[in-house]
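Asks: File work.csv below, CSV, C-alpha atoms:
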chain,number,residue,atom,x,y,z
A,1,MET,CA,109.1,139.9,76.5
A,2,ARG,CA,108.5,136.4,77.9
A,3,ARG,CA,108.6,135.0,74.4
A,4,GLU,CA,112.1,136.5,73.9
A,5,TRP,CA,113.3,134.9,77.1
A,6,ALA,CA,111.9,131.5,76.0
A,7,LEU,CA,113.7,131.8,72.6
A,8,ALA,CA,116.9,132.8,74.3
A,9,MET,CA,116.7,129.8,76.7
A,10,LEU,CA,116.0,127.4,73.9
A,11,LEU,CA,119.0,128.7,71.9
A,12,ALA,CA,121.2,128.4,75.0
A,13,ALA,CA,120.0,124.9,75.5
A,14,MET,CA,120.9,123.9,72.0
A,15,LEU,CA,124.4,125.4,72.3
A,16,LEU,CA,124.9,123.6,75.7
A,17,ALA,CA,123.7,120.3,74.2
A,18,GLY,CA,126.2,120.6,71.4
A,19,LEU,CA,129.0,121.5,73.8
A,20,GLY,CA,128.1,118.5,75.9
A,21,LEU,CA,128.2,116.1,73.0
A,22,LEU,CA,131.5,117.6,71.9
A,23,LEU,CA,133.1,117.2,75.3
A,24,ARG,CA,131.9,113.6,75.6
A,25,SER,CA,133.5,112.7,72.2
A,26,ALA,CA,136.6,114.8,72.6
A,27,LEU,CA,137.5,113.9,76.3
A,28,ALA,CA,137.4,110.2,76.7
A,29,GLY,CA,136.9,108.7,80.1
A,30,PHE,CA,135.7,110.0,83.4
A,31,TYR,CA,136.1,113.8,82.9
A,32,GLY,CA,134.6,113.7,79.5
A,33,SER,CA,131.6,111.8,80.8
A,34,VAL,CA,131.1,114.2,83.8
A,35,LEU,CA,131.6,117.4,81.9
A,36,GLY,CA,129.4,116.3,79.0
A,37,GLY,CA,126.7,115.1,81.4
A,38,LEU,CA,126.7,118.4,83.2
A,39,CYS,CA,126.3,120.3,80.0
A,40,LEU,CA,123.6,118.0,78.7
A,41,GLY,CA,121.8,118.3,82.1
A,42,ALA,CA,122.0,122.1,82.0
A,43,ALA,CA,120.7,122.1,78.4
A,44,ALA,CA,117.7,119.9,79.4
A,45,LEU,CA,116.9,122.3,82.3
A,46,LEU,CA,117.1,125.4,80.1
A,47,GLY,CA,115.1,123.9,77.3
A,48,THR,CA,112.4,122.7,79.7
A,49,THR,CA,112.3,126.2,81.3
A,50,GLY,CA,112.0,127.9,78.0
A,51,VAL,CA,109.2,125.7,76.8
A,52,ALA,CA,107.4,126.2,80.2
A,53,ILE,CA,107.8,130.0,79.9
A,54,ALA,CA,106.4,130.1,76.4
A,55,GLY,CA,103.5,127.8,77.4
A,56,LEU,CA,102.6,129.8,80.5
A,57,SER,CA,102.8,133.0,78.6
A,58,ALA,CA,100.3,131.7,76.0
A,59,ILE,CA,98.0,130.5,78.8
A,60,HIS,CA,98.2,133.8,80.7
A,61,ARG,CA,97.0,135.7,77.6
A,62,ARG,CA,94.1,133.4,76.8
A,63,CYS,CA,92.8,132.0,80.1
A,64,SER,CA,91.5,133.2,83.4
A,65,ARG,CA,93.6,133.8,86.5
A,66,ARG,CA,92.4,130.6,88.1
A,67,THR,CA,93.3,128.5,85.1
A,68,PHE,CA,96.7,130.2,84.9
A,69,ALA,CA,97.4,129.6,88.6
A,70,LEU,CA,96.5,125.9,88.1
A,71,ALA,CA,98.8,125.7,85.0
A,72,LEU,CA,101.6,127.4,86.9
A,73,ALA,CA,101.3,125.0,89.9
A,74,CYS,CA,101.4,122.0,87.5
A,75,ALA,CA,104.5,123.5,85.8
A,76,LEU,CA,106.3,123.9,89.1
A,77,LEU,CA,105.3,120.7,90.8
A,78,LEU,CA,105.1,118.0,88.0
A,79,PRO,CA,108.7,118.1,86.8
A,80,PRO,CA,110.3,117.6,90.3
A,81,LEU,CA,107.7,114.8,91.0
A,82,ALA,CA,108.5,113.2,87.7
A,83,LEU,CA,112.2,113.5,88.3
A,84,ALA,CA,111.9,112.0,91.8
A,85,ALA,CA,109.8,109.1,90.5
A,86,GLY,CA,112.4,108.5,87.8
A,87,VAL,CA,115.2,108.5,90.2
A,88,GLN,CA,113.5,106.0,92.5
A,89,LEU,CA,112.8,103.7,89.6
A,90,LYS,CA,116.4,103.9,88.5
A,91,LEU,CA,117.7,103.2,92.0
A,92,ARG,CA,115.3,100.3,92.5
A,93,SER,CA,116.5,98.8,89.2
A,94,ALA,CA,120.1,99.2,90.3
A,95,TYR,CA,119.4,97.5,93.7
A,96,LEU,CA,117.8,94.6,91.9
A,97,ALA,CA,120.6,94.3,89.4
A,98,VAL,CA,122.8,92.3,91.8
A,99,VAL,CA,120.4,89.3,91.7
A,100,PRO,CA,120.8,86.9,88.8
A,101,TRP,CA,117.9,87.4,86.4
A,102,GLN,CA,117.0,83.7,86.3
A,103,LEU,CA,115.8,83.8,89.9
A,104,ASP,CA,113.0,86.2,88.9
A,105,VAL,CA,113.4,88.5,91.9
A,106,HIS,CA,111.4,91.7,91.8
A,107,ASP,CA,111.1,93.0,95.4
A,108,ILE,CA,113.4,94.3,98.1
A,109,ALA,CA,112.7,93.2,101.7
A,110,TYR,CA,115.6,95.0,103.5
A,111,ARG,CA,118.4,97.4,102.5
A,112,LYS,CA,121.1,99.2,104.5
A,113,GLU,CA,124.1,100.7,102.8
A,114,GLN,CA,126.6,103.5,103.4
A,115,ARG,CA,129.5,105.0,101.6
A,116,TRP,CA,132.1,107.3,103.1
A,117,GLY,CA,133.4,109.9,100.5
A,118,LEU,CA,132.1,112.8,98.5
A,119,PRO,CA,128.3,113.1,98.9
A,120,LEU,CA,127.2,112.9,95.3
A,121,LEU,CA,130.2,111.4,93.5
A,122,ALA,CA,131.5,107.9,94.1
A,123,LEU,CA,135.2,107.5,93.6
A,124,PRO,CA,137.5,104.5,93.5
A,125,GLY,CA,138.9,103.9,97.0
A,126,ASP,CA,135.8,105.1,98.9
A,127,ASN,CA,135.0,103.0,101.9
A,128,GLU,CA,131.6,101.4,101.6
A,129,THR,CA,129.6,98.5,103.0
A,130,GLY,CA,126.0,97.4,102.6
A,131,ILE,CA,123.4,94.6,102.6
A,132,ARG,CA,120.3,94.0,100.5
A,133,VAL,CA,117.8,91.2,101.2
A,134,PHE,CA,115.3,90.1,98.6
A,135,PRO,CA,112.4,87.7,98.8
A,136,LEU,CA,113.2,84.5,96.9
A,137,PRO,CA,110.2,83.4,94.8
A,138,PRO,CA,108.6,80.1,95.9
A,139,ARG,CA,109.3,78.5,92.5
A,140,ALA,CA,113.1,79.0,92.8
A,141,ALA,CA,113.1,78.0,96.5
A,142,GLN,CA,111.3,74.8,95.6
A,143,ALA,CA,113.8,74.1,92.8
A,144,LEU,CA,116.7,74.6,95.2
A,145,ARG,CA,115.2,72.3,97.8
A,146,GLN,CA,114.7,69.6,95.2
A,147,HIS,CA,117.9,69.9,93.2
A,148,GLY,CA,120.3,71.7,95.5
A,149,ILE,CA,123.4,73.4,94.1
A,150,GLY,CA,122.9,71.6,90.8
A,151,TYR,CA,120.0,74.0,90.1
A,152,LEU,CA,122.2,77.1,90.4
A,153,ARG,CA,125.0,75.5,88.4
A,154,GLY,CA,122.6,74.5,85.7
A,155,LEU,CA,121.2,78.0,85.2
A,156,PRO,CA,121.4,79.2,81.5
A,157,ASP,CA,124.5,81.2,80.5
A,158,MET,CA,124.4,84.9,80.5
A,159,PRO,CA,123.6,86.5,77.0
A,160,LEU,CA,126.4,88.2,75.2
A,161,ARG,CA,124.7,91.5,74.5
A,162,LEU,CA,125.8,94.0,77.1
A,163,ASP,CA,122.6,96.1,76.8
A,164,ASP,CA,120.5,93.1,77.6
A,165,PRO,CA,118.9,93.4,81.1
A,166,ARG,CA,119.6,89.7,81.7
A,167,THR,CA,123.3,90.4,82.0
A,168,ARG,CA,122.7,91.6,85.6
A,169,GLY,CA,124.0,89.6,88.5
A,170,ARG,CA,127.0,87.8,87.1
A,171,TYR,CA,129.0,85.7,89.6
A,172,GLY,CA,131.6,83.1,89.8
A,173,PRO,CA,131.1,79.4,90.7
A,174,TRP,CA,128.4,78.5,93.2
A,175,HIS,CA,129.4,76.9,96.5
A,176,GLU,CA,127.6,75.5,99.5
A,177,THR,CA,127.7,77.3,102.9
A,178,PRO,CA,129.4,78.0,105.3
A,179,LEU,CA,131.3,80.8,103.6
A,180,ASP,CA,135.0,80.4,103.1
A,181,GLU,CA,137.6,83.1,104.0
A,182,ASP,CA,137.6,84.7,100.5
A,183,ALA,CA,133.8,85.2,100.6
A,184,ARG,CA,133.8,86.5,104.2
A,185,ARG,CA,135.9,89.5,103.0
A,186,HIS,CA,132.8,90.8,101.3
A,187,VAL,CA,130.4,90.3,104.2
A,188,THR,CA,128.8,93.6,105.5
A,189,ARG,CA,130.7,95.1,108.3
A,190,HIS,CA,128.1,95.2,111.1
A,191,CYS,CA,128.7,97.6,114.0
A,192,ALA,CA,129.0,96.0,117.4
A,193,GLN,CA,127.8,98.0,120.4
A,194,ASP,CA,129.6,101.3,120.7
A,195,GLU,CA,131.8,100.4,117.8
A,196,GLY,CA,132.9,103.2,115.4
A,197,GLY,CA,134.6,103.3,112.0
A,198,PHE,CA,133.4,102.3,108.6
A,199,CYS,CA,130.5,100.0,109.7
A,200,ILE,CA,126.7,100.1,109.7
A,201,THR,CA,124.1,98.9,112.2
A,202,VAL,CA,121.9,96.2,110.6
A,203,ASP,CA,118.5,95.2,112.1
A,204,ALA,CA,119.2,92.5,114.7
A,205,ARG,CA,116.7,90.0,113.3
A,206,VAL,CA,118.0,90.4,109.8
A,207,TRP,CA,121.6,90.1,111.0
A,208,GLY,CA,120.8,87.0,113.0
A,209,ALA,CA,119.2,85.3,110.0
A,210,VAL,CA,122.2,86.3,107.8
A,211,GLN,CA,124.7,84.9,110.2
A,212,GLN,CA,122.8,81.6,110.3
A,213,ALA,CA,122.6,81.5,106.5
A,214,ILE,CA,126.3,82.1,106.0
A,215,SER,CA,127.6,79.9,108.9
A,216,THR,CA,125.5,76.7,108.5
A,217,PRO,CA,124.9,74.3,105.7
A,218,GLY,CA,121.8,74.5,103.6
A,219,SER,CA,122.4,77.8,101.7
A,220,TYR,CA,124.5,78.6,98.6
A,221,TYR,CA,126.8,81.5,97.7
A,222,ALA,CA,128.9,82.9,94.9
A,223,ILE,CA,131.4,85.8,94.7
A,224,GLY,CA,130.9,88.6,92.2
A,225,ARG,CA,132.9,91.6,91.1
A,226,SER,CA,132.3,93.6,94.3
A,227,GLY,CA,130.3,91.5,96.7
A,228,VAL,CA,129.0,88.1,97.7
A,229,ILE,CA,125.5,86.7,97.1
A,230,VAL,CA,123.9,84.1,99.4
A,231,ILE,CA,120.7,82.2,98.6
A,232,ASP,CA,118.8,80.8,101.6
A,233,PRO,CA,116.0,78.5,100.3
A,234,ALA,CA,114.8,77.6,103.8
A,235,ARG,CA,113.9,81.2,104.6
A,236,GLN,CA,113.2,82.1,100.9
A,237,ARG,CA,115.7,84.9,101.0
A,238,VAL,CA,118.5,86.2,98.7
A,239,ILE,CA,121.2,88.2,100.5
A,240,TYR,CA,123.7,90.4,98.8
A,241,MET,CA,126.6,91.9,100.8
A,242,TYR,CA,129.7,94.0,100.1
A,243,ASN,CA,132.5,95.6,102.1
A,244,GLY,CA,135.4,97.5,100.7
Kindly return the structure encoded in the file as structure tokens.
Replies:
Amino acid sequence: MRREWALAMLLAAMLLAGLGLLLRSALAGFYGSVLGGLCLGAAALLGTTGVAIAGLSAIHRRCSRRTFALALACALLLPPLALAAGVQLKLRSAYLAVVPWQLDVHDIAYRKEQRWGLPLLALPGDNETGIRVFPLPPRAAQALRQHGIGYLRGLPDMPLRLDDPRTRGRYGPWHETPLDEDARRHVTRHCAQDEGGFCITVDARVWGAVQQAISTPGSYYAIGRSGVIVIDPARQRVIYMYNG
């Protein structure tokens, strides 16, 4: 009986996968992407469940109870753990993607972000604000101290291939701090004491360092599509902020 369940789930997974691909090609834009993604996700879940049922059924017939219990525990625990690890890696990659690839930044020192809208679906018009702070590698910091803004303006152009990971972190012209009024529109909205609304509370030491970096000479900034990036060579920090 278990084998029949597994075959039925695999067949349903194939049908859902076909429906998902059809929806993505027939319905262009947001709705086609969402509906197609949901169908493909459900197909992957059904297919994985069907394979797991077939495998566990075979193990149950041929192995001891202890071995079967161990296999069942692995089947139940490993997929969620693998999914969680994959999500974390994807999120980390997305957080780092705001830094120009030429700076060779690979770590996140501080992050505080919030969006006000639907819990799992970001929509145009949602209020959001955030800050990310990254360690600036010593090599880049030394180059900035020696050559100043000329180092940033002389970075190689971005490649033309959109699937190239080096296309991350594209910005307009570089400027010297303090930030002008246009750049200050993107600065994280930090909550003052007892202040409400669409704002976040940033760690006091981080916020103090940010204010010094954006308000005094010695740092460099550029405006991107949805935020402003500030490079502070004295403290070896890269600061990315957005507010909208």
Asks: Could you tell me how far atom CA of A:Gly224 sits from atom CA of A:Gly172, in Å to one decimal place?
Replies: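 Separation between atom CA of A:Gly172 and atom CA of A:Gly224: 6.0 Å.
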Asks: Suppose you want the space between atom CA of A:Ala13 and atom CA of A:Pro80; what is it in Å?
Replies: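 Computing the Euclidean distance for atom CA of A:Ala13 and atom CA of A:Pro80 yields 19.1 Å.
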Asks: Between A:Val133, A:Ala192, A:Ala204, A:Val210, which residue has the minimum interatomic distance to A:Val238, considering all atoms listed in the file?
Replies: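 Checking each of A:Val133, A:Ala192, A:Ala204, A:Val210 against A:Val238, counting all atoms listed in the file, the winner is A:Val133.
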Asks: Might I get the box with edges along x, y and z of the file that holds all atoms of stretch 89-97 of chain A listed there, padded by 8 Å on every side, given as centre and edge lengths in Å to one decimal, as lines of an AutoDock Vina configuration file?
Replies:
center_x = 116.7
center_y = 99.1
center_z = 91.1
size_x = 23.8
size_y = 25.6
size_z = 21.2
Asks: For a test of reading the model, state the distance in Å between atom CA of A:Ala17 and atom CA of A:Ala84, rounded to one decimal.
Replies: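 Distance between the two atoms: 22.8 Å.
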Asks: Which of these residues is nearest to A:Gln114, using only C-alpha atoms: A:Val51, A:Leu19, A:Ile223, A:Ile200?
Replies: A:Ile200
Asks: Counting all atoms listed in the file, which of A:Arg139, A:Ala222, A:Arg237, A:Asp203 gets nearest to A:Asp180?
Replies: A:Ala222
Asks: So which one's closest to A:Ile229, A:Gly154, A:Pro137, A:Gly47, A:Pro100? Using all atoms listed in the file, please.
Replies: A:Pro100
Asks: Please determine, counting only C-alpha atoms, which residue among A:Arg185, A:Leu103, A:Thr129, A:Arg225 has the shortest atom-to-atom distance to A:Pro156.
Replies: A:Leu103
Asks: Please identify all polymer residues within 12 Å of stretch 85-99 of chain A, counting only C-alpha atoms, omitting same-chain residues fewer than 2 positions from it, and present them as a ChimeraX atom specification.
Replies: /A:78-83,101-113,130-136,164-171,221-231,237-242
Asks: Using C-alpha atoms, can you export the residues from the last selection as an mmCIF file, in the coordinates of the input?
Replies:
data_model
loop_
_atom_site.group_PDB
_atom_site.id
_atom_site.type_symbol
_atom_site.label_atom_id
_atom_site.label_comp_id
_atom_site.auth_asym_id
_atom_site.auth_seq_id
_atom_site.Cartn_x
_atom_site.Cartn_y
_atom_site.Cartn_z
ATOM 1 C CA LEU A 78 105.100 118.000 88.000
ATOM 2 C CA PRO A 79 108.700 118.100 86.800
ATOM 3 C CA PRO A 80 110.300 117.600 90.300
ATOM 4 C CA LEU A 81 107.700 114.800 91.000
ATOM 5 C CA ALA A 82 108.500 113.200 87.700
ATOM 6 C CA LEU A 83 112.200 113.500 88.300
ATOM 7 C CA TRP A 101 117.900 87.400 86.400
ATOM 8 C CA GLN A 102 117.000 83.700 86.300
ATOM 9 C CA LEU A 103 115.800 83.800 89.900
ATOM 10 C CA ASP A 104 113.000 86.200 88.900
ATOM 11 C CA VAL A 105 113.400 88.500 91.900
ATOM 12 C CA HIS A 106 111.400 91.700 91.800
ATOM 13 C CA ASP A 107 111.100 93.000 95.400
ATOM 14 C CA ILE A 108 113.400 94.300 98.100
ATOM 15 C CA ALA A 109 112.700 93.200 101.700
ATOM 16 C CA TYR A 110 115.600 95.000 103.500
ATOM 17 C CA ARG A 111 118.400 97.400 102.500
ATOM 18 C CA LYS A 112 121.100 99.200 104.500
ATOM 19 C CA GLU A 113 124.100 100.700 102.800
ATOM 20 C CA GLY A 130 126.000 97.400 102.600
ATOM 21 C CA ILE A 131 123.400 94.600 102.600
ATOM 22 C CA ARG A 132 120.300 94.000 100.500
ATOM 23 C CA VAL A 133 117.800 91.200 101.200
ATOM 24 C CA PHE A 134 115.300 90.100 98.600
ATOM 25 C CA PRO A 135 112.400 87.700 98.800
ATOM 26 C CA LEU A 136 113.200 84.500 96.900
ATOM 27 C CA ASP A 164 120.500 93.100 77.600
ATOM 28 C CA PRO A 165 118.900 93.400 81.100
ATOM 29 C CA ARG A 166 119.600 89.700 81.700
ATOM 30 C CA THR A 167 123.300 90.400 82.000
ATOM 31 C CA ARG A 168 122.700 91.600 85.600
ATOM 32 C CA GLY A 169 124.000 89.600 88.500
ATOM 33 C CA ARG A 170 127.000 87.800 87.100
ATOM 34 C CA TYR A 171 129.000 85.700 89.600
ATOM 35 C CA TYR A 221 126.800 81.500 97.700
ATOM 36 C CA ALA A 222 128.900 82.900 94.900
ATOM 37 C CA ILE A 223 131.400 85.800 94.700
ATOM 38 C CA GLY A 224 130.900 88.600 92.200
ATOM 39 C CA ARG A 225 132.900 91.600 91.100
ATOM 40 C CA SER A 226 132.300 93.600 94.300
ATOM 41 C CA GLY A 227 130.300 91.500 96.700
ATOM 42 C CA VAL A 228 129.000 88.100 97.700
ATOM 43 C CA ILE A 229 125.500 86.700 97.100
ATOM 44 C CA VAL A 230 123.900 84.100 99.400
ATOM 45 C CA ILE A 231 120.700 82.200 98.600
ATOM 46 C CA ARG A 237 115.700 84.900 101.000
ATOM 47 C CA VAL A 238 118.500 86.200 98.700
ATOM 48 C CA ILE A 239 121.200 88.200 100.500
ATOM 49 C CA TYR A 240 123.700 90.400 98.800
ATOM 50 C CA MET A 241 126.600 91.900 100.800
ATOM 51 C CA TYR A 242 129.700 94.000 100.100
#
Asks: Using all atoms listed in the file, find the one residue out of A:Ala209, A:Leu38, A:Met14, A:Cys74 that sits nearest to A:Asp232.
Replies: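 The shortest atom-to-atom distance to A:Asp232 comes from A:Ala209.
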Asks: Compile a residue-level contact table for stretch 214-244 of chain A against stretch 140-150 of chain A at a cut-off of 7 Å, reporting for every qualifying residue the shortest atom pair and its distance in Å to one decimal, with all atoms listed in the file counted, rows ordered by chain and ascending number, as CSV.
Replies:
residue,atom,partner,partner_atom,distance
A:Tyr220,CA,A:Ile149,CA,7.0
A:Pro233,CA,A:Ala141,CA,4.8
A:Gln236,CA,A:Ala141,CA,6.0
